[in-house]
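Worksheet: one structure, shown below.
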Amino acid sequence: MPLTGKVVVVTGAAQGIGFACARRFAAEKTKVMIADINEKAGEAAAQGIRDIGGEAWFEACDVGDSARVNALIAAAVAKYGGLDVLINNAAILDTADFLDIREADWDRVVRVNLKGYFLCAQAAARQMVAQGRGGAIINMSSINAVVAIPNVAAYVACKGAVNQLTKTMALALADKSIRVNGIGPGTILTDMARQVMIDDAARRTILSRTPLGRPGEPDEIAAVAVFLASEESNYITGQTIYADGGRLGLNYTVPIKD
């Protein structure tokens with residue numbers, strides 16, 4: 001998959017799936033711009049990639065702020081001379097019973113998880129159009145765009161919207177040689193998931209709904225991102241690929257009251 005020399009921006013890349021994507025793209029000999037609101041962790045992530053011979057730089061960014069997003073894209077161009085791939089990954093989660101969700105918390109999640117995707121994608125696409133050589137945009141969705149968890153309503157709603165945004169962007173940008181696709185992870189062993197799965201009951205519940213019998217690794221999601229950014233996927237656009245261990249295909253029962 002010849003990606004050598006491509007310029008890649010990854011949002012929310014200080015840890016988890018975002019960092020796995022940044023590390024994998026660096027291994028493919030691309031130039032990676034790590035974006036995150038956590039400056040300390042972001043700088044450490046970029047340094048960690050440089051320490052193993054990769055090319056990476058960090059730019060602090062609040063993806064819900066259009067000025068900061070524009071500055072991020074400008075920084076990638078100034079540092080590396082252009083932009084070829086955007087990985088929209090930055091997201092937050094707020095947990096509350098539906099009747100107790102505060103308007104401010106709903107707005108905060110939507111600002112990052114949906115507005116942030118739009119702002120980053122628009123700024124990246126404008127740069128790609130100006131360059132005239134096309135590009136690839138990858139939106140990190142979730143199986144929760146299809147199934148739902150009742151106490152994370154804003155997150156679930158945003159992931160459903162991200163899938164539709166992916167389709168809309170793919171249609172709007174096809175004639176500009178910009179492909180737009182999504183990735184819908186299932187349960188992935190990020191630091192947060194590892195903490196949840198320390199509890200055996202939680203681990204058993206998660207695995208009982210995953211046909212492959214194990215959670216995924218962040219590197220497995222990064223591998224899908226590399227594929228979608230590469231020439232190997234040149235005829236794919238407007239799609240969301242679900243890397244979920246078979247979970248969405250599983251029709252399982254739930255307890256019912258007598």
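Chain lettering (A, B, ...) mirrors the order of the structure tokens, residue numbering begins at 1 for each chain separately, and ligand numbering begins at 1 in order of display.
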
> DSSP on the backbone: what in segment 3-139 of chain A comes out strand (DSSP E or B), as an NGL selection string?
Replying inline: :A and (7-11 or 31-36 or 55-60 or 85-88 or 135-139)

>> I'd like the neighbourhood of Cys61 of chain A as a list in words, where a residue qualifies if any of its atoms comes within 12 Å (using only C-alpha atoms), though same-chain residues fewer than 6 positions away should be ignored.
In response: Val9, Val10, Thr11, Gly12, Ala13, Ala14, Met33, Ile34, Ala35, Asp36, Ile37, Asn38, Glu39, Gly42, Ala67, Arg68, Val69, Asn70, Ala71, Leu72, Ile73, Ala74, Ala75, Ala90, Val112, Gly116, Leu119 and Cys120 of chain A

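In terms of minimum interatomic distance to Arg24 of chain A, A:Pro218 ranks closest within A:Gly182, A:Gly213, A:Gly82, A:Pro218, counting only C-alpha atoms.
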
> Distance atom CA of Asp51 of chain A-atom CA of Glu220 of chain A, one decimal place?
Replying inline: 22.2 Å
